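Asks: My structure file structure-v1.tsv, TSV, C-alpha atoms, is below:
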chain	number	residue	atom	x	y	z
S	1	MET	CA	-10.86	6.10	9.60
S	2	LEU	CA	-7.40	4.77	8.64
S	3	GLU	CA	-5.04	3.11	11.08
S	4	ILE	CA	-1.64	1.89	9.93
S	5	LYS	CA	-0.31	-0.28	12.75
S	6	ASP	CA	3.32	-1.40	12.81
S	7	TYR	CA	3.19	-1.90	9.03
S	8	THR	CA	6.26	-3.60	7.57
S	9	LYS	CA	6.99	-4.53	3.96
S	10	ILE	CA	10.04	-6.57	2.94
S	11	TYR	CA	10.93	-7.23	-0.69
S	12	LYS	CA	13.09	-10.00	-2.08
S	13	GLY	CA	16.67	-9.99	-0.87
S	14	ASN	CA	15.51	-8.88	2.58
S	15	LYS	CA	15.15	-5.29	1.40
S	16	VAL	CA	13.03	-3.51	4.01
S	17	ALA	CA	10.85	-1.04	2.09
S	18	VAL	CA	8.80	0.11	5.09
S	19	ASP	CA	9.83	-0.58	8.67
S	20	HIS	CA	7.16	-0.71	11.41
S	21	LEU	CA	5.18	2.32	10.31
S	22	THR	CA	2.34	3.51	12.54
S	23	LEU	CA	-0.03	6.35	11.58
S	24	THR	CA	-3.63	7.30	12.36
S	25	ILE	CA	-5.71	9.32	9.88
S	26	GLU	CA	-8.99	10.49	11.39
S	27	ASP	CA	-12.25	11.66	9.84
S	28	GLY	CA	-11.79	15.19	8.55
S	29	ASP	CA	-8.00	14.92	8.20
S	30	ILE	CA	-6.07	15.97	5.13
S	31	TYR	CA	-2.93	14.00	5.93
S	32	GLY	CA	0.17	14.60	3.84
S	33	PHE	CA	2.76	11.85	3.38
S	34	ILE	CA	6.13	13.03	2.14
S	35	GLY	CA	9.61	11.65	1.61
S	36	HIS	CA	12.34	11.31	-0.97
S	37	ASN	CA	12.10	8.93	-3.93
S	38	GLY	CA	12.24	5.34	-2.70
S	39	ALA	CA	11.35	6.27	0.88
S	40	GLY	CA	8.36	3.90	0.97
S	41	LYS	CA	5.43	6.21	0.22
S	42	THR	CA	3.96	4.38	-2.77
S	43	THR	CA	4.59	0.99	-1.15
S	44	THR	CA	2.58	2.12	1.87
S	45	ILE	CA	-0.21	3.62	-0.21
S	46	LYS	CA	-0.55	0.46	-2.32
S	47	ALA	CA	-0.80	-1.61	0.85
S	48	VAL	CA	-3.55	0.67	2.18
S	49	ALA	CA	-5.37	0.27	-1.14
S	50	GLY	CA	-5.15	-3.52	-0.86
S	51	ILE	CA	-2.83	-3.90	-3.87
S	52	LEU	CA	0.30	-5.02	-1.99
S	53	ASP	CA	0.47	-7.66	0.70
S	54	PHE	CA	2.73	-6.99	3.67
S	55	ASP	CA	4.85	-8.89	6.15
S	56	ASP	CA	3.92	-7.51	9.56
S	57	GLY	CA	1.43	-5.24	11.25
S	58	ASP	CA	-2.06	-4.37	10.07
S	59	ILE	CA	-3.99	-1.70	8.19
S	60	LEU	CA	-7.49	-0.88	9.39
S	61	ILE	CA	-10.10	1.08	7.45
S	62	ASP	CA	-13.19	2.00	9.43
S	63	HIS	CA	-11.97	-0.50	12.09
S	64	MET	CA	-11.73	-3.36	9.56
S	65	SER	CA	-8.50	-5.02	8.42
S	66	ILE	CA	-7.60	-4.75	4.75
S	67	LYS	CA	-6.29	-8.31	5.07
S	68	THR	CA	-9.44	-9.95	6.43
S	69	HIS	CA	-12.12	-7.62	5.02
S	70	PRO	CA	-10.70	-6.40	1.69
S	71	LEU	CA	-14.03	-5.86	-0.10
S	72	GLU	CA	-15.63	-3.98	2.80
S	73	CYS	CA	-12.55	-1.77	3.07
S	74	LYS	CA	-12.47	-1.05	-0.65
S	75	GLU	CA	-16.16	-0.13	-0.64
S	76	ARG	CA	-15.29	2.71	1.73
S	77	MET	CA	-12.25	4.06	-0.08
S	78	ALA	CA	-11.07	5.36	-3.41
S	79	TYR	CA	-7.48	5.04	-4.61
S	80	ILE	CA	-5.83	7.24	-7.22
S	81	PRO	CA	-2.37	6.06	-8.35
S	82	ASP	CA	0.46	8.28	-9.49
S	83	ASN	CA	0.09	6.97	-13.05
S	84	PRO	CA	-3.50	6.73	-14.38
S	85	ASP	CA	-3.30	3.34	-16.12
S	86	ILE	CA	-6.89	2.86	-17.30
S	87	TYR	CA	-8.82	1.08	-20.05
S	88	GLU	CA	-7.91	3.01	-23.18
S	89	TYR	CA	-10.34	1.12	-25.43
S	90	LEU	CA	-13.32	2.64	-23.57
S	91	THR	CA	-14.74	6.12	-23.90
S	92	GLY	CA	-14.55	8.35	-20.85
S	93	ILE	CA	-18.26	8.03	-20.07
S	94	LYS	CA	-18.21	4.23	-20.46
S	95	TYR	CA	-15.30	4.04	-18.03
S	96	LEU	CA	-17.15	6.18	-15.47
S	97	ASN	CA	-20.27	4.05	-15.83
S	98	PHE	CA	-18.15	0.92	-15.44
S	99	ILE	CA	-16.82	2.26	-12.10
S	100	GLY	CA	-20.34	3.29	-11.11
S	101	ASP	CA	-21.54	-0.26	-11.77
S	102	ILE	CA	-18.76	-1.73	-9.62
S	103	TYR	CA	-19.78	0.44	-6.68
S	104	GLN	CA	-23.49	-0.01	-7.41
S	105	VAL	CA	-24.17	3.71	-7.62
S	106	GLY	CA	-27.76	4.49	-8.63
S	107	LYS	CA	-28.47	5.93	-12.07
S	108	GLN	CA	-29.64	9.37	-10.91
S	109	GLU	CA	-26.85	9.83	-8.36
S	110	ARG	CA	-24.30	8.67	-10.87
S	111	GLU	CA	-25.44	11.02	-13.60
S	112	GLU	CA	-25.55	13.98	-11.21
S	113	ARG	CA	-22.06	13.33	-9.87
S	114	ILE	CA	-20.52	12.70	-13.27
S	115	ARG	CA	-22.05	15.92	-14.58
S	116	LYS	CA	-20.91	17.88	-11.52
S	117	TYR	CA	-17.30	16.71	-11.49
S	118	ALA	CA	-16.86	16.61	-15.27
S	119	ASP	CA	-17.95	20.24	-15.42
S	120	MET	CA	-15.65	21.16	-12.53
S	121	PHE	CA	-12.64	19.57	-14.26
S	122	GLU	CA	-13.72	20.87	-17.67
S	123	ILE	CA	-13.76	17.47	-19.33
S	124	THR	CA	-17.48	17.11	-20.15
S	125	ALA	CA	-16.96	17.63	-23.87
S	126	ASN	CA	-14.37	14.83	-23.97
S	127	LEU	CA	-16.36	12.10	-22.21
S	128	GLY	CA	-17.50	10.61	-25.52
S	129	ASP	CA	-13.92	10.29	-26.79
S	130	MET	CA	-11.77	7.19	-26.51
S	131	ILE	CA	-9.47	7.30	-23.48
S	132	ALA	CA	-6.57	6.42	-25.79
S	133	SER	CA	-6.87	9.95	-27.20
S	134	TYR	CA	-6.61	11.60	-23.78
S	135	SER	CA	-3.54	13.45	-22.56
S	136	HIS	CA	-1.99	12.45	-19.22
S	137	GLY	CA	-3.79	15.34	-17.52
S	138	MET	CA	-7.16	14.35	-18.97
S	139	LYS	CA	-6.67	10.77	-17.82
S	140	GLN	CA	-5.84	12.08	-14.36
S	141	LYS	CA	-9.05	14.11	-14.32
S	142	LEU	CA	-11.07	11.07	-15.42
S	143	VAL	CA	-9.58	8.94	-12.66
S	144	LEU	CA	-10.35	11.65	-10.11
S	145	ILE	CA	-13.98	11.77	-11.23
S	146	SER	CA	-14.23	7.96	-11.06
S	147	ALA	CA	-12.92	8.05	-7.50
S	148	LEU	CA	-15.61	10.49	-6.39
S	149	ILE	CA	-18.63	8.72	-7.93
S	150	HIS	CA	-19.39	6.57	-4.85
S	151	LYS	CA	-18.60	9.28	-2.24
S	152	PRO	CA	-15.72	7.47	-0.51
S	153	LYS	CA	-15.16	7.88	3.23
S	154	LEU	CA	-11.41	7.56	2.66
S	155	LEU	CA	-9.54	9.01	-0.30
S	156	ILE	CA	-6.02	7.71	-1.01
S	157	LEU	CA	-3.94	9.62	-3.55
S	158	ASP	CA	-0.38	9.13	-4.80
S	159	GLU	CA	1.06	12.36	-6.23
S	160	PRO	CA	-2.39	13.61	-7.30
S	161	PHE	CA	-1.27	16.98	-8.68
S	162	VAL	CA	1.22	15.60	-11.23
S	163	GLY	CA	-0.04	16.30	-14.75
S	164	LEU	CA	-2.89	18.59	-13.69
S	165	ASP	CA	-3.07	22.11	-15.06
S	166	PRO	CA	-3.16	24.92	-12.44
S	167	LYS	CA	-6.94	25.33	-12.61
S	168	ALA	CA	-7.57	21.60	-12.21
S	169	ALA	CA	-5.08	21.46	-9.33
S	170	LEU	CA	-6.96	24.27	-7.58
S	171	THR	CA	-10.26	22.49	-8.20
S	172	LEU	CA	-8.87	19.33	-6.63
S	173	LYS	CA	-7.56	21.19	-3.58
S	174	ASN	CA	-10.96	22.83	-3.05
S	175	LEU	CA	-12.69	19.46	-3.43
S	176	MET	CA	-10.35	17.87	-0.90
S	177	ARG	CA	-11.19	20.58	1.64
S	178	GLU	CA	-14.90	20.24	0.94
S	179	MET	CA	-14.82	16.46	1.34
S	180	CYS	CA	-13.01	16.69	4.67
S	181	GLN	CA	-15.51	19.23	5.95
S	182	GLU	CA	-18.14	16.57	5.26
S	183	GLY	CA	-16.21	13.97	7.29
S	184	CYS	CA	-14.07	12.27	4.66
S	185	ALA	CA	-10.45	11.42	5.47
S	186	ILE	CA	-7.70	12.02	2.91
S	187	PHE	CA	-4.23	10.47	2.88
S	188	PHE	CA	-1.95	11.52	0.04
S	189	SER	CA	1.68	11.65	-0.99
S	190	THR	CA	3.25	14.63	-2.70
S	191	HIS	CA	6.60	16.15	-3.53
S	192	VAL	CA	5.06	19.62	-3.69
S	193	LEU	CA	5.86	20.76	-0.17
S	194	GLU	CA	4.26	24.19	-0.52
S	195	VAL	CA	0.94	22.56	-1.43
S	196	ALA	CA	1.20	20.13	1.47
S	197	GLN	CA	1.92	22.92	3.94
S	198	LYS	CA	-1.08	24.96	2.84
S	199	LEU	CA	-3.52	22.09	2.35
S	200	CYS	CA	-2.83	19.59	5.13
S	201	ASN	CA	-3.72	19.74	8.80
S	202	LYS	CA	-1.39	16.80	9.54
S	203	ILE	CA	1.86	15.58	8.02
S	204	ALA	CA	4.18	12.59	8.13
S	205	ILE	CA	7.73	12.41	6.80
S	206	ILE	CA	9.19	9.00	5.95
S	207	LYS	CA	12.89	8.32	5.33
S	208	ASN	CA	14.34	5.00	4.19
S	209	GLY	CA	11.12	3.26	5.14
S	210	ARG	CA	10.96	4.69	8.64
S	211	LEU	CA	8.74	7.39	10.05
S	212	VAL	CA	10.85	10.31	11.25
S	213	VAL	CA	8.27	13.06	11.88
S	214	SER	CA	4.48	13.09	12.19
S	215	GLY	CA	1.71	15.09	13.80
S	216	ASP	CA	-0.31	18.28	13.48
S	217	MET	CA	1.17	20.62	10.90
S	218	GLU	CA	1.61	23.47	13.37
S	219	SER	CA	3.39	21.25	15.89
S	220	VAL	CA	5.71	19.76	13.27
S	221	LEU	CA	6.64	23.11	11.72
S	222	GLY	CA	6.96	25.39	14.71
S	223	ASP	CA	8.47	28.57	13.25
S	224	SER	CA	9.92	26.75	10.22
S	225	SER	CA	8.56	25.96	6.77
S	226	LEU	CA	7.81	22.41	5.70
S	227	GLU	CA	10.67	22.66	3.23
S	228	ASP	CA	13.08	23.52	6.08
S	229	VAL	CA	11.82	20.64	8.23
S	230	PHE	CA	12.01	18.20	5.34
S	231	MET	CA	15.56	19.22	4.45
S	232	GLU	CA	16.64	18.96	8.07
S	233	VAL	CA	15.34	15.41	8.55
S	234	SER	CA	16.63	14.42	5.10
S	235	GLU	CA	20.17	15.48	5.96
S	236	HIS	CA	20.36	13.90	9.41
S	237	ASP	CA	19.86	10.33	10.57
S	238	GLN	CA	17.11	10.01	13.13
Is it possible to express this structure as structure tokens?
Replies:
Amino acid sequence: MLEIKDYTKIYKGNKVAVDHLTLTIEDGDIYGFIGHNGAGKTTTIKAVAGILDFDDGDILIDHMSIKTHPLECKERMAYIPDNPDIYEYLTGIKYLNFIGDIYQVGKQEREERIRKYADMFEITANLGDMIASYSHGMKQKLVLISALIHKPKLLILDEPFVGLDPKAALTLKNLMREMCQEGCAIFFSTHVLEVAQKLCNKIAIIKNGRLVVSGDMESVLGDSSLEDVFMEVSEHDQ
């Protein structure tokens, strides 16, 4: 579903943010992407989402390049940033309907999905309120619901559990598993290594813009914990 091929991003001053990264995320994968601050995780995720251009390589979604087929790629995905920066002058329900219009989701399907996910994240009573009145966690829940309205085939998340209360975090983890059982692919970054170890079937660790470890969770961990593996690769040059 998602192929990152030799992806390279260079910022001004010849600063290499990501250096020839190659990863494959298949249908049904919950693929964790971890690394220290500044390692290149968000840069990569924004490139996958079509927000950042890049200098070399390619990113394919459902066998189509994000460079040459950006609209087709974005129709198949949903992106949730680490900071939910959304239209605060709208009510929650107006924002969800706005997203539904963009993806041309039918009225009945839209209403059913909004009702389902708003109830799951316990935000139904707040949908008529202005987004400006929402807490960070409520905004995060609203963005999550908006991402699920069109049933994406690929879900891209950057630190999705930040700001969520424990119940909402559990709801999201269960939804992620359910979506992957239905054939969706999920690629997400997180600093919560315990969550990644329990939730993901595959993992990639990036350091200073370069991939240092990737593969099936069991193969990467062996008899160690993800925390042990992460600390080992963080302390040694590869």
Asks: From the options S:Ile206, S:Ile186, S:Leu226, S:Ile131, which residue's atoms come nearest to Gly28 in chain S, counting only C-alpha atoms?
Replies: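 Answer, going by the shortest atom-to-atom distance: S:Ile186.
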Asks: Restricting the calculation to all atoms listed in the file, which member of S:Gly100, S:Val105, S:Glu194, S:Leu21 is positioned closest to Ala39 in chain S?
Replies: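 Among the listed residues, S:Leu21 lies closest to Ala39 in chain S.
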Asks: Using only C-alpha atoms, which of the listed residues (S:Thr43, S:Asn174, S:Ser146, S:Thr91) sits closest to Tyr134 in chain S?
Replies: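 With only C-alpha atoms as the atom set, the closest residue is S:Thr91.
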Asks: Go ahead and compute the interatomic distance for CA of Val16 in chain S and CA of Val212 in chain S, in Å to one decimal.
Replies: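 Result for CA of Val16 in chain S versus CA of Val212 in chain S: 15.8 Å, one decimal.
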Asks: Need to verify the contact set: His36 in chain S, 9 Å, all atoms listed in the file, exclusion of same-chain residues closer than 2 positions in sequence. Can you return it as a ChimeraX atom specification?
Replies: /S:34,38-41,191,206-208,234
Asks: I'd like the neighbourhood of Asp19 in chain S as a list in words, where a residue qualifies if any of its atoms comes within 6 Å (using all atoms listed in the file), though same-chain residues fewer than 4 positions away should be ignored.
Replies: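 Neighbouring residues, sequence-local ones excluded: Thr8, Gly209 and Arg210 of chain S.
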Asks: What is the CA of His20 in chain S-CA of Thr44 in chain S distance in Å, reported with one decimal?
Replies: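 Interatomic distance, CA of His20 in chain S to CA of Thr44 in chain S: 11.0 Å.
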Asks: What's the separation between CA of Glu178 in chain S and CA of Glu227 in chain S, in Å to one decimal place?
Replies: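 We find that CA of Glu178 in chain S and CA of Glu227 in chain S lie 25.8 Å from each other.
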Asks: Which residues of range 52-98 of chain S come within 10 Å of range 154-168 of chain S, and what is each one's closest atom pair and distance in Å (one decimal), counting all atoms listed in the file, sorted by chain and residue number, as JSON lines?
Replies:
{"residue": "S:Ile61", "atom": "CA", "partner": "S:Leu154", "partner_atom": "CA", "distance": 8.2}
{"residue": "S:Asp62", "atom": "CA", "partner": "S:Leu154", "partner_atom": "CA", "distance": 8.9}
{"residue": "S:Cys73", "atom": "CA", "partner": "S:Leu154", "partner_atom": "CA", "distance": 9.4}
{"residue": "S:Lys74", "atom": "CA", "partner": "S:Leu154", "partner_atom": "CA", "distance": 9.3}
{"residue": "S:Glu75", "atom": "CA", "partner": "S:Leu154", "partner_atom": "CA", "distance": 9.6}
{"residue": "S:Arg76", "atom": "CA", "partner": "S:Leu154", "partner_atom": "CA", "distance": 6.3}
{"residue": "S:Met77", "atom": "CA", "partner": "S:Leu154", "partner_atom": "CA", "distance": 4.5}
{"residue": "S:Ala78", "atom": "CA", "partner": "S:Leu155", "partner_atom": "CA", "distance": 5.0}
{"residue": "S:Tyr79", "atom": "CA", "partner": "S:Ile156", "partner_atom": "CA", "distance": 4.7}
{"residue": "S:Ile80", "atom": "CA", "partner": "S:Leu157", "partner_atom": "CA", "distance": 4.8}
{"residue": "S:Pro81", "atom": "CA", "partner": "S:Asp158", "partner_atom": "CA", "distance": 5.1}
{"residue": "S:Asp82", "atom": "CA", "partner": "S:Asp158", "partner_atom": "CA", "distance": 4.8}
{"residue": "S:Asn83", "atom": "CA", "partner": "S:Asp158", "partner_atom": "CA", "distance": 8.5}
{"residue": "S:Pro84", "atom": "CA", "partner": "S:Pro160", "partner_atom": "CA", "distance": 9.9}
Asks: Which of these, S:Glu122, S:Ser135, S:Lys5, S:Asn37, has the shortest distance to Ser189 in chain S once you count all atoms listed in the file?
Replies: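 When distances to Ser189 in chain S are compared using all atoms listed in the file, the smallest one comes from S:Asn37.
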Asks: Restricting the calculation to all atoms listed in the file: of S:Phe121, S:Tyr87, S:Phe54, S:Phe187, which residue gets closest to Leu23 in chain S?
Replies: S:Phe187
Asks: Hey, what's within 9 Å of Glu3 in chain S if we count all atoms listed in the file and toss same-chain stuff fewer than 5 positions away? As a ChimeraX atom specification, please?
Replies: /S:22-26,58-63
Asks: Name the closest residue to Asp228 in chain S among the candidates S:Leu193, S:Cys200, S:Ala118, S:Cys184; distances are taken between atoms, counting all atoms listed in the file.
Replies: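 The closest residue to Asp228 in chain S is S:Leu193.
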Asks: Residues at most 8 Å from Lys141 in chain S, counting all atoms listed in the file, excluding those fewer than 2 positions away in the same chain, as number ranges by chain?
Replies: S: 121, 123, 137-139, 143-145, 164, 168
Asks: Starting from the sparse input, extend range 77-98 of chain S to N, CA, C and O atoms and give the output as a PDB file, keeping the file's coordinate frame.
Replies:
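Everything below was put into result-v1.pdb:
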ATOM      1  N   MET S  77     -13.371   3.217   0.348  1.00  0.00           N
ATOM      2  CA  MET S  77     -12.250   4.060  -0.080  1.00  0.00           C
ATOM      3  C   MET S  77     -12.249   4.266  -1.580  1.00  0.00           C
ATOM      4  O   MET S  77     -12.968   3.609  -2.332  1.00  0.00           O
ATOM      5  N   ALA S  78     -11.408   5.199  -2.002  1.00  0.00           N
ATOM      6  CA  ALA S  78     -11.070   5.360  -3.410  1.00  0.00           C
ATOM      7  C   ALA S  78      -9.565   5.584  -3.473  1.00  0.00           C
ATOM      8  O   ALA S  78      -8.999   6.298  -2.640  1.00  0.00           O
ATOM      9  N   TYR S  79      -8.933   4.960  -4.457  1.00  0.00           N
ATOM     10  CA  TYR S  79      -7.480   5.040  -4.610  1.00  0.00           C
ATOM     11  C   TYR S  79      -7.144   5.636  -5.967  1.00  0.00           C
ATOM     12  O   TYR S  79      -7.672   5.196  -6.995  1.00  0.00           O
ATOM     13  N   ILE S  80      -6.272   6.628  -5.978  1.00  0.00           N
ATOM     14  CA  ILE S  80      -5.830   7.240  -7.220  1.00  0.00           C
ATOM     15  C   ILE S  80      -4.317   7.093  -7.303  1.00  0.00           C
ATOM     16  O   ILE S  80      -3.584   7.683  -6.506  1.00  0.00           O
ATOM     17  N   PRO S  81      -3.816   6.285  -8.242  1.00  0.00           N
ATOM     18  CA  PRO S  81      -2.370   6.060  -8.350  1.00  0.00           C
ATOM     19  C   PRO S  81      -1.648   7.243  -8.962  1.00  0.00           C
ATOM     20  O   PRO S  81      -2.278   8.178  -9.486  1.00  0.00           O
ATOM     21  N   ASP S  82      -0.319   7.182  -8.924  1.00  0.00           N
ATOM     22  CA  ASP S  82       0.460   8.280  -9.490  1.00  0.00           C
ATOM     23  C   ASP S  82       0.451   8.249 -11.016  1.00  0.00           C
ATOM     24  O   ASP S  82       0.683   9.271 -11.659  1.00  0.00           O
ATOM     25  N   ASN S  83       0.168   7.082 -11.591  1.00  0.00           N
ATOM     26  CA  ASN S  83       0.090   6.970 -13.050  1.00  0.00           C
ATOM     27  C   ASN S  83      -1.272   6.397 -13.427  1.00  0.00           C
ATOM     28  O   ASN S  83      -1.558   5.243 -13.130  1.00  0.00           O
ATOM     29  N   PRO S  84      -2.140   7.190 -14.064  1.00  0.00           N
ATOM     30  CA  PRO S  84      -3.500   6.730 -14.380  1.00  0.00           C
ATOM     31  C   PRO S  84      -3.510   5.698 -15.503  1.00  0.00           C
ATOM     32  O   PRO S  84      -3.678   6.018 -16.678  1.00  0.00           O
ATOM     33  N   ASP S  85      -3.326   4.439 -15.148  1.00  0.00           N
ATOM     34  CA  ASP S  85      -3.300   3.340 -16.120  1.00  0.00           C
ATOM     35  C   ASP S  85      -4.714   2.762 -16.228  1.00  0.00           C
ATOM     36  O   ASP S  85      -5.123   1.923 -15.426  1.00  0.00           O
ATOM     37  N   ILE S  86      -5.478   3.231 -17.210  1.00  0.00           N
ATOM     38  CA  ILE S  86      -6.890   2.860 -17.300  1.00  0.00           C
ATOM     39  C   ILE S  86      -7.202   2.286 -18.688  1.00  0.00           C
ATOM     40  O   ILE S  86      -6.362   2.293 -19.576  1.00  0.00           O
ATOM     41  N   TYR S  87      -8.428   1.785 -18.831  1.00  0.00           N
ATOM     42  CA  TYR S  87      -8.820   1.080 -20.050  1.00  0.00           C
ATOM     43  C   TYR S  87      -8.944   2.040 -21.236  1.00  0.00           C
ATOM     44  O   TYR S  87      -9.947   2.744 -21.378  1.00  0.00           O
ATOM     45  N   GLU S  88      -7.952   2.035 -22.093  1.00  0.00           N
ATOM     46  CA  GLU S  88      -7.910   3.010 -23.180  1.00  0.00           C
ATOM     47  C   GLU S  88      -8.885   2.699 -24.309  1.00  0.00           C
ATOM     48  O   GLU S  88      -9.150   3.559 -25.147  1.00  0.00           O
ATOM     49  N   TYR S  89      -9.422   1.473 -24.346  1.00  0.00           N
ATOM     50  CA  TYR S  89     -10.340   1.120 -25.430  1.00  0.00           C
ATOM     51  C   TYR S  89     -11.781   1.527 -25.105  1.00  0.00           C
ATOM     52  O   TYR S  89     -12.690   1.283 -25.898  1.00  0.00           O
ATOM     53  N   LEU S  90     -12.000   2.128 -23.935  1.00  0.00           N
ATOM     54  CA  LEU S  90     -13.320   2.640 -23.570  1.00  0.00           C
ATOM     55  C   LEU S  90     -13.370   4.154 -23.799  1.00  0.00           C
ATOM     56  O   LEU S  90     -12.341   4.828 -23.813  1.00  0.00           O
ATOM     57  N   THR S  91     -14.580   4.669 -23.945  1.00  0.00           N
ATOM     58  CA  THR S  91     -14.740   6.120 -23.900  1.00  0.00           C
ATOM     59  C   THR S  91     -14.736   6.564 -22.439  1.00  0.00           C
ATOM     60  O   THR S  91     -14.910   5.740 -21.532  1.00  0.00           O
ATOM     61  N   GLY S  92     -14.565   7.850 -22.221  1.00  0.00           N
ATOM     62  CA  GLY S  92     -14.550   8.350 -20.850  1.00  0.00           C
ATOM     63  C   GLY S  92     -15.833   8.033 -20.099  1.00  0.00           C
ATOM     64  O   GLY S  92     -15.804   7.578 -18.952  1.00  0.00           O
ATOM     65  N   ILE S  93     -16.980   8.252 -20.742  1.00  0.00           N
ATOM     66  CA  ILE S  93     -18.260   8.030 -20.070  1.00  0.00           C
ATOM     67  C   ILE S  93     -18.490   6.548 -19.797  1.00  0.00           C
ATOM     68  O   ILE S  93     -19.047   6.176 -18.745  1.00  0.00           O
ATOM     69  N   LYS S  94     -18.062   5.677 -20.705  1.00  0.00           N
ATOM     70  CA  LYS S  94     -18.210   4.230 -20.460  1.00  0.00           C
ATOM     71  C   LYS S  94     -17.350   3.792 -19.283  1.00  0.00           C
ATOM     72  O   LYS S  94     -17.752   2.934 -18.492  1.00  0.00           O
ATOM     73  N   TYR S  95     -16.162   4.383 -19.166  1.00  0.00           N
ATOM     74  CA  TYR S  95     -15.300   4.040 -18.030  1.00  0.00           C
ATOM     75  C   TYR S  95     -15.952   4.481 -16.717  1.00  0.00           C
ATOM     76  O   TYR S  95     -15.971   3.732 -15.737  1.00  0.00           O
ATOM     77  N   LEU S  96     -16.502   5.682 -16.688  1.00  0.00           N
ATOM     78  CA  LEU S  96     -17.150   6.180 -15.470  1.00  0.00           C
ATOM     79  C   LEU S  96     -18.361   5.327 -15.107  1.00  0.00           C
ATOM     80  O   LEU S  96     -18.591   5.039 -13.924  1.00  0.00           O
ATOM     81  N   ASN S  97     -19.119   4.917 -16.099  1.00  0.00           N
ATOM     82  CA  ASN S  97     -20.270   4.050 -15.830  1.00  0.00           C
ATOM     83  C   ASN S  97     -19.830   2.667 -15.353  1.00  0.00           C
ATOM     84  O   ASN S  97     -20.493   2.048 -14.516  1.00  0.00           O
ATOM     85  N   PHE S  98     -18.719   2.193 -15.883  1.00  0.00           N
ATOM     86  CA  PHE S  98     -18.150   0.920 -15.440  1.00  0.00           C
ATOM     87  C   PHE S  98     -17.809   0.995 -13.943  1.00  0.00           C
ATOM     88  O   PHE S  98     -18.150   0.101 -13.163  1.00  0.00           O
TER      89      PHE S  98
END
